[in-house]
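Engineer: This is the structure I have questions about; it appears just below.
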Amino acid sequence: MSASSGPSQKLTVPETNASRAWLRTLSWALAAVGACMFLLTAWFVISEHDAERVVPGVKLAELSVSGLDRKQLAGRLGAWDAEHVARRVPLTLTGSALVFEPKSVGFALNVPASSAQALAVGRSGNFFSRLIGFIARRFKPQVLQPELRFDAALLNASFDSWQASIKDPPFVGGITTSGVTVIPNYPRSGVRLDRARAQAQLASAFITGEAIASLATRSEAPGVERAEVDRLVALAQGMVGAGIELSSKDGAERLQLSPLQVASLLQVQPAAEHGQLELGCSVAAAKQLLDPERAKLEKQPENARFVIDAQGHVQVEPGRSGLVLNDAAVARAACMAAASPDKRAGLPLEPGAEPALTTEVAEHAGIVGLMGTYTTHHACCQPRVQNIHHIADLLDGTLVRPGETFSVNQLIGPRTVKNGFRPAPSIEDGDMVDTVGGGVSQFATTLFNALFYGGYDILERQPHSYWFTRYPMGYDATLSYPHPDIVFKNDTNAGALIKTEYTDTSITVKIYGDNGGRRVRAEVSPRQNIVLPPVEYVPNRSLEADEEKTREGGMIGWTVTVKRTLTFPDGKIKEEHRKVTYKPRARRVEVHPCRIPEGEPGHTGERCPKPDPDKEQGKEASGPADPSAK
């Protein structure tokens with residue numbers, strides 16, 4: 001029998017409640033994960049989009065900076081920096097307690113660089129790597145090391161100071177001297193500060209504020225053998241065997257050093273080649289030996305000088321630069337001399353400062369002859385004469401270059417005893433009183449007139465308040481500090497040379513130069529606006545009420561007009577007018593106080609006694625009948 005086949009049948013497994021629950025849970029879990037991924041991705045995209053804000057999960061050292069924009073970040077980092085800069089960090093170096101102050105070496109947070117570092121987190125790589133990093137920082141923040149800055153020179157100076165505090169540093173070897181005996185100092189190992197590691201320790205302490213238990217050091221061998229020191233001892237002993245002499249090229253200046261002084265110069269330092277030492281002479285020790293000798297050996301610059309011969313011709317006497325000792329060069333020369341067989345070497349005098357007036361400038365000054373001169377006279381041998389001569393000496397030889405403005409006060413300065421002046425009578429408020437520098441107005445008058453007749457442009461000059469017969473009316477000048485002054489501009493194409501001469505009874509000023517041929521004509525008007533002298537009463541109780549005694553006769557006041565006409569070679573004419581007013585000088589009369597009017601100094605208000613007729617008659621009777629009778 002054969003079986004017949006029917007339609008195919010599908011085998012199904014009945015779905016249980018447990019399997020359906022598991023499927024639902026899985027679906028919900030996948031949906032939750034998907035939602036979380038979507039949210040994280042959205043958060044990442046949003047965070048990524050804001051490039052001016054730090055991404056989440058970023059710390060700078062212990063400081064969280066997540067989510068801060070650029071301005072907020074700079075503010076927080078600045079506050080963090082101010083707090084850390086103010087710290088004092090204790091540390092220990094080879095058992096010695098020290099303190100590190102970050103601000104003393106310029107330690108600080110580099111705020112711009114650290115801000116850029118924080119903002120750069122999460123901004124590089126492809127999308128998926130940045131997304132993975134973004135998710136990872138949710139579980140563990142990314143910690144950045146701050147960017148620091150410091151002053152390398154100040155830090156090295158602190159390291160040098162700390163190294164000097166180490167009691168057993170390495171020593172490469174050297175020598176000492178006792179008199180002229182040379183003593184070896186052999187090399188030895190020692191402890192040296194490890195600067196690279198120490199710098200890292202300080203940076204860490206700046207960030208954390210934690211004390212440094214032991215600043216990093218290392219043991220160091222000197223690298224020099226004892227035989228190298230013995231070689232230097234033998235060399236040094238030969239150098240101090242005799243004195244030395246350093247002399248200038250012309251032999252005019254000589255510096256001699258004794259063996260003991262040579263020994264004081266010797267010093268040892270490491271040579272360029274490893275393992276060797278170099279014997280030399282100390283620059284500081286050379287300076288100490290040279291200082292007492294400088295005034296004798298060095299030369300001050302000398303100005304070029306204008307020499308006037310008997311015919312009034314102007315010639316230039318050359319100047320020269322100064323000569324100075326170079327301490328380092330002298331130290332080298334001393335070592336060369338000490339090591340040489342004859343114990344001699346050159347004295348290294350070098351050119352120093354240029355003179356204020358060089359030969360070249362003097363020769364190109366264009367001075368051809370005398371342009372203006374004037375002489376005033378005075379009584380002999382008074383204190384004021386010494387002031388006149390002193391200011392003349394200070395100004396003698398002064399060269400005013402073309403276009404320059406010259407001031408007497410600017411060159412001379414205040415008239416003080418320290419500056420060489422002495423007390424002498426001068427006028428103050430119409431009275432003669434002693435002042436330091438009294439009398440210099442006579443020099444001012446003389447200089448003014450020399451400039452006036454030389455045709456130079458006079459910018460400042462003040463006449464006296466009262467006229468003195470020793471001065472030309474309308475052409476006098478006074479001088480005080482800082483004003484009044486004598487100021488003129490050299491408005492010519494040549495230098496203006498001021499030369500002074502004096503005798504016991506006169507002072508002369510001469511101006512040499514080339515005024516281009518301008519001619520000067522001077523005129524002074526008759527006296528105008530006459531003012532009678534006022535009367536000043538001086539109380540004197542020894543006088544009778546009707547009696548008076550003239551102490552000073554007084555002088556009238558008046559005005560004159562001074563005219564200077566300048567005629568130039570091209571025919572151009574320039575006229576200058578100056579009104580000069582002299583005050584009247586009071587007539588001073590001694591009288592009984594009762595005679596002094598109200599409002600005047602010395603007024604007492606008392607009444608004058610009436611004359612006694614009997615007393616007056618008795619005076620007449622007691623007098624001689626004949627004036628010739630004695």
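Starting from 1 in every chain, residues are counted up; chains themselves are A, B, ... following the order of the structure tokens, and ligands are numbered from 1 as listed.
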With a distance cut-off of 10 Å and only C-alpha atoms, select the neighbouring residues of stretch 210-222 of chain A, excluding the residue or stretch itself and same-chain residues fewer than 2 positions from it, and output the selection as a short mmCIF file (atom, residue, chain, number, x, y, z; two decimals) with all heavy atoms, in the first residue's frame.
Structural biologist:
data_model
loop_
_atom_site.label_atom_id
_atom_site.label_comp_id
_atom_site.auth_asym_id
_atom_site.auth_seq_id
_atom_site.Cartn_x
_atom_site.Cartn_y
_atom_site.Cartn_z
N ARG A 88 53.41 80.96 50.27
CA ARG A 88 54.79 80.77 50.73
C ARG A 88 54.98 79.28 50.97
O ARG A 88 54.31 78.69 51.82
CB ARG A 88 55.05 81.55 52.03
CG ARG A 88 55.08 83.06 51.83
CD ARG A 88 55.03 83.81 53.15
NE ARG A 88 56.11 83.42 54.04
CZ ARG A 88 57.33 83.96 54.06
NH1 ARG A 88 57.61 84.94 53.23
NH2 ARG A 88 58.24 83.54 54.90
N VAL A 89 55.88 78.68 50.19
CA VAL A 89 56.06 77.23 50.22
C VAL A 89 57.31 76.87 51.01
O VAL A 89 58.42 77.25 50.61
CB VAL A 89 56.17 76.66 48.78
CG1 VAL A 89 56.36 75.15 48.82
CG2 VAL A 89 54.94 77.03 47.97
N PRO A 90 57.19 76.16 52.13
CA PRO A 90 58.38 75.73 52.88
C PRO A 90 59.11 74.64 52.08
O PRO A 90 58.50 73.82 51.39
CB PRO A 90 57.80 75.17 54.18
CG PRO A 90 56.36 75.59 54.21
CD PRO A 90 55.94 75.75 52.79
N LEU A 91 60.45 74.64 52.20
CA LEU A 91 61.25 73.58 51.58
C LEU A 91 62.51 73.36 52.39
O LEU A 91 62.90 74.19 53.23
CB LEU A 91 61.58 73.92 50.12
CG LEU A 91 62.35 75.21 49.82
CD1 LEU A 91 63.86 74.97 49.86
CD2 LEU A 91 61.97 75.75 48.45
N THR A 92 63.16 72.26 52.14
CA THR A 92 64.39 71.90 52.85
C THR A 92 65.47 71.60 51.83
O THR A 92 65.22 70.90 50.83
CB THR A 92 64.18 70.67 53.76
OG1 THR A 92 63.12 70.95 54.66
CG2 THR A 92 65.44 70.36 54.54
N LEU A 93 66.65 72.15 52.05
CA LEU A 93 67.80 71.90 51.18
C LEU A 93 68.97 71.48 52.04
O LEU A 93 69.45 72.26 52.88
CB LEU A 93 68.15 73.17 50.38
CG LEU A 93 69.41 73.08 49.51
CD1 LEU A 93 69.26 72.01 48.44
CD2 LEU A 93 69.71 74.43 48.88
N THR A 94 69.39 70.23 51.87
CA THR A 94 70.49 69.63 52.65
C THR A 94 70.36 69.93 54.14
O THR A 94 71.33 70.33 54.80
CB THR A 94 71.87 70.09 52.13
OG1 THR A 94 71.97 71.51 52.27
CG2 THR A 94 72.07 69.71 50.68
N GLY A 95 69.14 69.78 54.64
CA GLY A 95 68.89 69.96 56.07
C GLY A 95 68.58 71.37 56.50
O GLY A 95 68.19 71.59 57.66
N SER A 96 68.72 72.35 55.60
CA SER A 96 68.44 73.75 55.96
C SER A 96 67.03 74.12 55.51
O SER A 96 66.62 73.80 54.37
CB SER A 96 69.44 74.69 55.31
OG SER A 96 70.75 74.42 55.75
N ALA A 97 66.28 74.78 56.40
CA ALA A 97 64.92 75.18 56.08
C ALA A 97 64.93 76.49 55.29
O ALA A 97 65.58 77.47 55.68
CB ALA A 97 64.11 75.35 57.36
N LEU A 98 64.21 76.50 54.17
CA LEU A 98 64.09 77.68 53.32
C LEU A 98 62.62 77.92 53.02
O LEU A 98 61.78 77.09 53.33
CB LEU A 98 64.89 77.49 52.02
CG LEU A 98 66.39 77.21 52.15
CD1 LEU A 98 66.97 76.83 50.81
CD2 LEU A 98 67.11 78.42 52.71
N VAL A 99 62.35 79.05 52.38
CA VAL A 99 60.99 79.39 51.98
C VAL A 99 61.03 79.83 50.52
O VAL A 99 61.86 80.65 50.13
CB VAL A 99 60.38 80.50 52.85
CG1 VAL A 99 59.02 80.93 52.30
CG2 VAL A 99 60.22 80.03 54.29
N PHE A 100 60.10 79.28 49.73
CA PHE A 100 59.98 79.66 48.33
C PHE A 100 58.75 80.54 48.15
O PHE A 100 57.64 80.15 48.50
CB PHE A 100 59.86 78.39 47.46
CG PHE A 100 59.42 78.67 46.04
CD1 PHE A 100 60.16 79.52 45.23
CD2 PHE A 100 58.27 78.09 45.52
CE1 PHE A 100 59.76 79.78 43.92
CE2 PHE A 100 57.87 78.34 44.22
CZ PHE A 100 58.62 79.20 43.42
N GLN A 163 72.41 77.49 46.29
CA GLN A 163 73.64 76.71 46.12
C GLN A 163 74.72 77.21 47.07
O GLN A 163 75.47 76.43 47.66
CB GLN A 163 74.13 76.81 44.67
CG GLN A 163 75.45 76.09 44.38
CD GLN A 163 75.35 74.59 44.54
OE1 GLN A 163 74.42 73.97 44.05
NE2 GLN A 163 76.31 73.99 45.24
N PRO A 169 79.83 72.08 48.87
CA PRO A 169 79.71 72.06 47.41
C PRO A 169 80.97 71.47 46.78
O PRO A 169 82.03 71.40 47.41
CB PRO A 169 79.58 73.55 47.07
CG PRO A 169 80.36 74.24 48.14
CD PRO A 169 80.12 73.43 49.39
N PRO A 170 80.90 71.04 45.52
CA PRO A 170 82.11 70.56 44.85
C PRO A 170 83.10 71.71 44.65
O PRO A 170 82.71 72.86 44.47
CB PRO A 170 81.59 70.04 43.52
CG PRO A 170 80.29 70.72 43.31
CD PRO A 170 79.71 70.95 44.67
N PHE A 171 84.38 71.40 44.69
CA PHE A 171 85.43 72.42 44.56
C PHE A 171 86.43 71.93 43.53
O PHE A 171 86.97 70.82 43.64
CB PHE A 171 86.10 72.63 45.91
CG PHE A 171 87.24 73.62 45.87
CD1 PHE A 171 87.03 74.95 45.51
CD2 PHE A 171 88.53 73.23 46.18
CE1 PHE A 171 88.06 75.86 45.46
CE2 PHE A 171 89.58 74.14 46.14
CZ PHE A 171 89.34 75.46 45.78
N VAL A 172 86.65 72.76 42.49
CA VAL A 172 87.53 72.32 41.40
C VAL A 172 89.00 72.47 41.73
O VAL A 172 89.86 71.98 41.00
CB VAL A 172 87.22 73.13 40.11
CG1 VAL A 172 85.82 72.86 39.62
CG2 VAL A 172 87.45 74.62 40.33
N GLY A 173 89.30 73.17 42.82
CA GLY A 173 90.70 73.37 43.17
C GLY A 173 91.15 74.80 42.93
O GLY A 173 90.51 75.55 42.20
N PRO A 187 91.24 69.79 44.73
CA PRO A 187 89.82 69.59 44.40
C PRO A 187 89.17 68.55 45.30
O PRO A 187 89.83 67.67 45.84
CB PRO A 187 89.86 69.13 42.94
CG PRO A 187 91.23 68.59 42.73
CD PRO A 187 92.14 69.36 43.63
N ARG A 188 87.84 68.67 45.42
CA ARG A 188 87.07 67.70 46.20
C ARG A 188 85.64 67.62 45.66
O ARG A 188 85.13 68.58 45.08
CB ARG A 188 87.03 68.10 47.68
CG ARG A 188 86.39 69.44 47.96
CD ARG A 188 86.37 69.78 49.44
NE ARG A 188 85.74 71.07 49.69
CZ ARG A 188 86.38 72.23 49.66
NH1 ARG A 188 87.69 72.25 49.44
NH2 ARG A 188 85.72 73.35 49.87
N SER A 189 85.02 66.46 45.84
CA SER A 189 83.63 66.25 45.43
C SER A 189 82.71 66.96 46.42
O SER A 189 83.10 67.31 47.53
CB SER A 189 83.30 64.76 45.40
OG SER A 189 84.13 64.10 44.46
N GLY A 190 81.46 67.14 45.97
CA GLY A 190 80.50 67.81 46.84
C GLY A 190 79.09 67.71 46.31
O GLY A 190 78.82 66.98 45.34
N VAL A 191 78.19 68.42 46.95
CA VAL A 191 76.77 68.38 46.63
C VAL A 191 76.41 69.63 45.83
O VAL A 191 76.78 70.74 46.20
CB VAL A 191 75.93 68.31 47.91
CG1 VAL A 191 74.44 68.37 47.57
CG2 VAL A 191 76.25 67.05 48.69
N ARG A 192 75.67 69.40 44.73
CA ARG A 192 75.22 70.52 43.90
C ARG A 192 73.71 70.43 43.69
O ARG A 192 73.15 69.34 43.58
CB ARG A 192 75.94 70.52 42.56
CG ARG A 192 75.65 71.77 41.74
CD ARG A 192 76.53 71.86 40.51
NE ARG A 192 77.92 72.04 40.86
CZ ARG A 192 78.47 73.20 41.22
NH1 ARG A 192 77.72 74.29 41.31
NH2 ARG A 192 79.75 73.27 41.50
N LEU A 193 73.07 71.56 43.66
CA LEU A 193 71.64 71.63 43.42
C LEU A 193 71.32 71.13 42.02
O LEU A 193 71.96 71.54 41.04
CB LEU A 193 71.17 73.09 43.57
CG LEU A 193 69.67 73.37 43.46
CD1 LEU A 193 68.91 72.71 44.60
CD2 LEU A 193 69.43 74.87 43.46
N ASP A 194 70.35 70.21 41.91
CA ASP A 194 69.91 69.71 40.60
C ASP A 194 68.83 70.66 40.10
O ASP A 194 67.65 70.53 40.44
CB ASP A 194 69.37 68.28 40.75
CG ASP A 194 69.13 67.63 39.40
OD1 ASP A 194 68.79 68.36 38.45
OD2 ASP A 194 69.26 66.40 39.30
N ARG A 195 69.20 71.58 39.27
CA ARG A 195 68.32 72.69 38.92
C ARG A 195 67.11 72.24 38.11
O ARG A 195 66.01 72.77 38.30
CB ARG A 195 69.10 73.78 38.19
CG ARG A 195 70.24 74.33 39.03
CD ARG A 195 70.79 75.62 38.50
NE ARG A 195 71.83 76.14 39.41
CZ ARG A 195 72.18 77.41 39.51
NH1 ARG A 195 71.58 78.30 38.76
NH2 ARG A 195 73.12 77.79 40.35
N ALA A 196 67.30 71.31 37.20
CA ALA A 196 66.17 70.87 36.38
C ALA A 196 65.09 70.21 37.24
O ALA A 196 63.90 70.51 37.13
CB ALA A 196 66.65 69.91 35.29
N ARG A 197 65.51 69.30 38.12
CA ARG A 197 64.55 68.63 38.99
C ARG A 197 63.96 69.61 40.02
O ARG A 197 62.77 69.55 40.35
CB ARG A 197 65.22 67.46 39.70
CG ARG A 197 65.56 66.30 38.77
CD ARG A 197 66.48 65.30 39.44
NE ARG A 197 65.93 64.80 40.71
CZ ARG A 197 66.68 64.32 41.70
NH1 ARG A 197 67.99 64.26 41.59
NH2 ARG A 197 66.10 63.88 42.81
N ALA A 198 64.80 70.50 40.52
CA ALA A 198 64.32 71.49 41.50
C ALA A 198 63.26 72.40 40.88
O ALA A 198 62.27 72.75 41.52
CB ALA A 198 65.48 72.32 42.03
N GLN A 199 63.46 72.76 39.60
CA GLN A 199 62.46 73.60 38.93
C GLN A 199 61.13 72.88 38.82
O GLN A 199 60.07 73.48 39.04
CB GLN A 199 62.97 73.98 37.53
CG GLN A 199 62.01 74.86 36.76
CD GLN A 199 62.57 75.27 35.41
OE1 GLN A 199 63.75 75.60 35.29
NE2 GLN A 199 61.74 75.23 34.38
N ALA A 200 61.16 71.58 38.51
CA ALA A 200 59.92 70.80 38.44
C ALA A 200 59.25 70.72 39.81
O ALA A 200 58.02 70.80 39.93
CB ALA A 200 60.22 69.41 37.89
N GLN A 201 60.06 70.59 40.87
CA GLN A 201 59.50 70.55 42.22
C GLN A 201 58.82 71.86 42.58
O GLN A 201 57.74 71.88 43.18
CB GLN A 201 60.60 70.24 43.24
CG GLN A 201 61.11 68.80 43.21
CD GLN A 201 62.25 68.61 44.19
OE1 GLN A 201 63.29 69.25 44.09
NE2 GLN A 201 62.03 67.72 45.16
N LEU A 202 59.43 72.97 42.22
CA LEU A 202 58.85 74.27 42.53
C LEU A 202 57.55 74.49 41.76
O LEU A 202 56.59 75.06 42.29
CB LEU A 202 59.85 75.38 42.19
CG LEU A 202 61.14 75.42 43.03
CD1 LEU A 202 62.05 76.54 42.53
CD2 LEU A 202 60.84 75.59 44.51
N SER A 204 55.48 72.17 40.78
CA SER A 204 54.46 71.33 41.41
C SER A 204 53.99 71.96 42.71
O SER A 204 52.79 71.98 43.01
CB SER A 204 55.02 69.93 41.67
OG SER A 204 54.09 69.13 42.34
N ALA A 205 54.92 72.49 43.50
CA ALA A 205 54.56 73.13 44.77
C ALA A 205 53.72 74.38 44.54
O ALA A 205 52.83 74.70 45.33
CB ALA A 205 55.81 73.48 45.56
N PHE A 206 53.98 75.10 43.44
CA PHE A 206 53.17 76.28 43.12
C PHE A 206 51.72 75.88 42.88
O PHE A 206 50.79 76.56 43.30
CB PHE A 206 53.74 76.96 41.87
CG PHE A 206 52.89 78.08 41.35
CD1 PHE A 206 52.88 79.31 41.97
CD2 PHE A 206 52.08 77.90 40.24
CE1 PHE A 206 52.09 80.35 41.49
CE2 PHE A 206 51.29 78.92 39.75
CZ PHE A 206 51.30 80.15 40.38
N ILE A 207 51.53 74.73 42.22
CA ILE A 207 50.17 74.29 41.89
C ILE A 207 49.46 73.72 43.12
O ILE A 207 48.32 74.05 43.41
CB ILE A 207 50.22 73.25 40.75
CG1 ILE A 207 50.76 73.90 39.48
CG2 ILE A 207 48.85 72.64 40.51
CD1 ILE A 207 51.06 72.92 38.37
N THR A 208 50.18 72.87 43.86
CA THR A 208 49.53 72.15 44.97
C THR A 208 49.63 72.88 46.30
O THR A 208 48.80 72.66 47.20
CB THR A 208 50.16 70.77 45.13
OG1 THR A 208 51.54 70.91 45.54
CG2 THR A 208 50.10 69.99 43.82
N VAL A 224 88.95 67.57 38.20
CA VAL A 224 90.31 68.14 38.12
C VAL A 224 91.21 67.32 39.04
O VAL A 224 90.84 67.02 40.19
CB VAL A 224 90.31 69.62 38.54
CG1 VAL A 224 91.74 70.17 38.57
CG2 VAL A 224 89.44 70.44 37.60
N GLU A 225 92.40 66.99 38.54
CA GLU A 225 93.35 66.19 39.32
C GLU A 225 94.21 67.09 40.21
O GLU A 225 94.39 68.29 39.92
CB GLU A 225 94.25 65.37 38.39
CG GLU A 225 93.49 64.42 37.47
CD GLU A 225 92.77 63.34 38.23
OE1 GLU A 225 93.23 62.99 39.34
OE2 GLU A 225 91.73 62.84 37.72
N GLY A 275 88.90 69.61 32.85
CA GLY A 275 89.94 69.02 33.67
C GLY A 275 91.12 69.93 33.89
O GLY A 275 92.09 69.53 34.56
#
Engineer: Write down as number ranges by chain the residues belonging to stretch 229-445 of chain A that are assigned strand (DSSP E or B) by DSSP computed on the backbone.
Structural biologist: A: 244-247, 254-257, 266-270, 277-281, 299, 302, 305-308, 314-317, 320, 323-325, 344-346, 349-351, 369-377, 398-400, 405-407, 423-428, 431-436
Engineer: Work out how far atom CA of A:Leu266 is from atom CA of A:Gly241, in Å to one decimal.
Structural biologist: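 Distance reported for this atom pair: 13.0 Å.
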Engineer: Quick one, how far is atom CA of A:Phe468 from atom CA of A:Lys583?
Structural biologist: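 Answer for the atom CA of A:Phe468 to atom CA of A:Lys583 separation: 11.4 Å.
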Engineer: May I have the residues within 10 Å of A:Ile573 as a PyMOL selection string, using only C-alpha atoms and disregarding those fewer than 6 positions away in the same chain?
Structural biologist: chain A and resi 518-519+565-567
Engineer: Determine, counting only C-alpha atoms, which protein, DNA and RNA residues have an atom within 10 Å of an atom of A:Gly238; residues of the same chain fewer than 2 positions away are not included. Present the result as a list in words.
Structural biologist: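 Close residues of A:Gly238: Val182, Leu232, Val233, Ala234, Leu235, Ala236, Val240, Gly241, Ala242, Ala338, Ala339, Ser340 and Pro341 of chain A.
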Engineer: Take the residues from that selection and put them in a file with N, CA, C and O atoms, as a compact mmCIF listing (two decimals), in the first residue's frame.
Structural biologist:
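Produced file out.txt, reproduced below:
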# COMPACT_ATOMS: atom_id res chain seq x y z
N VAL A 182 102.63 80.63 48.10
CA VAL A 182 101.45 80.11 47.40
C VAL A 182 101.08 78.76 48.01
O VAL A 182 101.92 77.87 48.13
N LEU A 232 99.71 74.80 38.87
CA LEU A 232 99.41 76.21 39.08
C LEU A 232 100.24 76.81 40.22
O LEU A 232 100.63 77.97 40.17
N VAL A 233 100.47 76.02 41.26
CA VAL A 233 101.27 76.50 42.39
C VAL A 233 102.67 76.87 41.91
O VAL A 233 103.21 77.94 42.27
N ALA A 234 103.27 76.02 41.09
CA ALA A 234 104.62 76.29 40.58
C ALA A 234 104.62 77.55 39.70
O ALA A 234 105.53 78.38 39.79
N LEU A 235 103.58 77.70 38.88
CA LEU A 235 103.48 78.86 38.01
C LEU A 235 103.31 80.14 38.83
O LEU A 235 103.97 81.16 38.58
N ALA A 236 102.44 80.08 39.84
CA ALA A 236 102.18 81.25 40.67
C ALA A 236 103.40 81.65 41.48
O ALA A 236 103.68 82.85 41.67
N VAL A 240 105.24 85.59 41.58
CA VAL A 240 105.37 86.48 42.73
C VAL A 240 106.81 86.58 43.21
O VAL A 240 107.08 87.09 44.29
N GLY A 241 107.73 86.12 42.38
CA GLY A 241 109.14 86.15 42.79
C GLY A 241 109.75 87.54 42.79
O GLY A 241 110.77 87.77 43.45
N ALA A 242 109.16 88.48 42.05
CA ALA A 242 109.69 89.85 42.00
C ALA A 242 108.55 90.80 41.66
O ALA A 242 107.49 90.38 41.20
N ALA A 338 104.01 89.62 35.21
CA ALA A 338 104.47 88.71 36.26
C ALA A 338 105.01 87.41 35.69
O ALA A 338 105.91 86.80 36.27
N ALA A 339 104.45 86.97 34.54
CA ALA A 339 104.89 85.72 33.94
C ALA A 339 106.08 85.90 33.01
O ALA A 339 106.69 84.91 32.57
N SER A 340 106.44 87.16 32.69
CA SER A 340 107.53 87.40 31.74
C SER A 340 108.88 87.43 32.46
O SER A 340 108.95 87.70 33.67
N PRO A 341 109.95 87.19 31.74
CA PRO A 341 111.28 87.19 32.37
C PRO A 341 111.69 88.55 32.92
O PRO A 341 112.32 88.63 33.98
Engineer: Which value, in Å to one decimal, gives the distance between atom CA of A:Tyr582 and atom CA of A:Thr559?
Structural biologist: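 If I compute the distance from atom CA of A:Tyr582 to atom CA of A:Thr559, I get 6.2 Å.
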Engineer: Can you tell me which residues surround stretch 597-599 of chain A at a distance of at most 12 Å, considering only C-alpha atoms, apart from same-chain residues fewer than 6 positions away, and format the answer as a CSV table (one decimal) with all heavy atoms, in the first residue's frame?
Structural biologist:
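After the write, selection_23.csv holds the following:
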chain,number,residue,atom,x,y,z
A,535,VAL,N,61.7,162.0,50.1
A,535,VAL,CA,62.4,162.2,51.3
A,535,VAL,C,62.0,161.1,52.3
A,535,VAL,O,60.9,160.8,52.5
A,535,VAL,CB,62.1,163.6,51.9
A,535,VAL,CG1,62.8,163.7,53.3
A,535,VAL,CG2,62.5,164.7,51.0
A,536,GLU,N,63.0,160.4,52.8
A,536,GLU,CA,62.8,159.4,53.8
A,536,GLU,C,63.4,160.0,55.2
A,536,GLU,O,64.6,160.4,55.2
A,536,GLU,CB,63.5,158.1,53.5
A,536,GLU,CG,62.9,157.4,52.3
A,536,GLU,CD,63.5,156.1,52.1
A,536,GLU,OE1,64.4,155.7,52.8
A,536,GLU,OE2,63.1,155.4,51.1
A,537,TYR,N,62.6,160.0,56.2
A,537,TYR,CA,63.0,160.5,57.5
A,537,TYR,C,63.5,159.3,58.3
A,537,TYR,O,62.9,158.2,58.4
A,537,TYR,CB,61.8,161.2,58.2
A,537,TYR,CG,61.4,162.4,57.5
A,537,TYR,CD1,60.3,162.5,56.7
A,537,TYR,CD2,62.2,163.6,57.7
A,537,TYR,CE1,59.9,163.6,56.1
A,537,TYR,CE2,61.8,164.8,57.0
A,537,TYR,CZ,60.6,164.8,56.3
A,537,TYR,OH,60.3,165.9,55.6
A,538,VAL,N,64.6,159.5,59.0
A,538,VAL,CA,65.3,158.5,59.8
A,538,VAL,C,65.2,159.1,61.3
A,538,VAL,O,65.8,160.2,61.5
A,538,VAL,CB,66.7,158.2,59.4
A,538,VAL,CG1,67.3,157.2,60.3
A,538,VAL,CG2,66.8,157.8,58.0
A,539,PRO,N,64.6,158.4,62.2
A,539,PRO,CA,64.4,159.0,63.6
A,539,PRO,C,65.8,159.0,64.3
A,539,PRO,O,66.6,158.1,64.2
A,539,PRO,CB,63.5,158.0,64.3
A,539,PRO,CG,63.6,156.7,63.5
A,539,PRO,CD,63.9,157.1,62.1
A,591,VAL,N,66.0,163.1,61.6
A,591,VAL,CA,65.3,164.1,62.4
A,591,VAL,C,64.8,163.5,63.7
A,591,VAL,O,64.8,162.3,63.9
A,591,VAL,CB,64.0,164.6,61.6
A,591,VAL,CG1,64.4,165.3,60.3
A,591,VAL,CG2,63.1,163.4,61.3
A,605,GLY,N,53.8,159.9,66.8
A,605,GLY,CA,52.6,160.6,67.2
A,605,GLY,C,52.9,161.7,68.2
A,605,GLY,O,52.0,162.5,68.6
A,606,GLU,N,54.1,161.7,68.7
A,606,GLU,CA,54.4,162.7,69.8
A,606,GLU,C,54.6,164.1,69.2
A,606,GLU,O,54.9,164.3,68.0
A,606,GLU,CB,55.7,162.3,70.5
A,606,GLU,CG,56.9,162.2,69.6
A,606,GLU,CD,58.2,161.8,70.4
A,606,GLU,OE1,58.7,162.5,71.2
A,606,GLU,OE2,58.6,160.6,70.1
A,607,ARG,N,54.3,165.0,70.1
A,607,ARG,CA,54.4,166.4,69.6
A,607,ARG,C,55.8,166.9,69.8
A,607,ARG,O,56.5,166.6,70.8
A,607,ARG,CB,53.4,167.3,70.4
A,607,ARG,CG,52.0,166.9,70.1
A,607,ARG,CD,51.1,168.0,70.7
A,607,ARG,NE,49.7,167.8,70.3
A,607,ARG,CZ,48.7,168.7,70.5
A,607,ARG,NH1,49.0,169.9,71.0
A,607,ARG,NH2,47.5,168.4,70.2
A,608,CYS,N,56.2,167.8,68.9
A,608,CYS,CA,57.5,168.4,69.1
A,608,CYS,C,57.5,169.5,70.2
A,608,CYS,O,56.6,170.3,70.3
A,608,CYS,CB,58.0,169.1,67.7
A,608,CYS,SG,58.3,167.9,66.4
Engineer: Name the residues of stretch 147-356 of chain A that come out as helix (DSSP H, G or I) in a backbone DSSP run; write them as a PyMOL selection string.
Structural biologist: chain A and resi 152-164+195-208+226-239+259-265+283-297+327-339
Engineer: Neighbouring residues of A:Glu552 were defined as those with any atom within 9 Å, considering only C-alpha atoms; residues of the same chain fewer than 6 positions away were excluded. Please report them as a PyMOL selection string.
Structural biologist: chain A and resi 586-589
Engineer: Go ahead and write the residues just picked, C-alpha atoms, as a CSV table (one decimal), in the first residue's frame.
Structural biologist:
chain,number,residue,atom,x,y,z
A,586,ALA,CA,65.5,158.8,48.2
A,587,ARG,CA,67.0,161.7,50.1
A,588,ARG,CA,67.5,160.3,53.6
A,589,VAL,CA,67.3,162.8,56.5
Engineer: Could you name the residues that touch stretch 72-87 of chain A at 7 Å or less, counting only C-alpha atoms, but leaving out those on the same chain fewer than 3 positions away, as a VMD selection string?
Structural biologist: chain A and resid 65 68 to 69 101 to 103 107 to 109 111 115 206 to 207
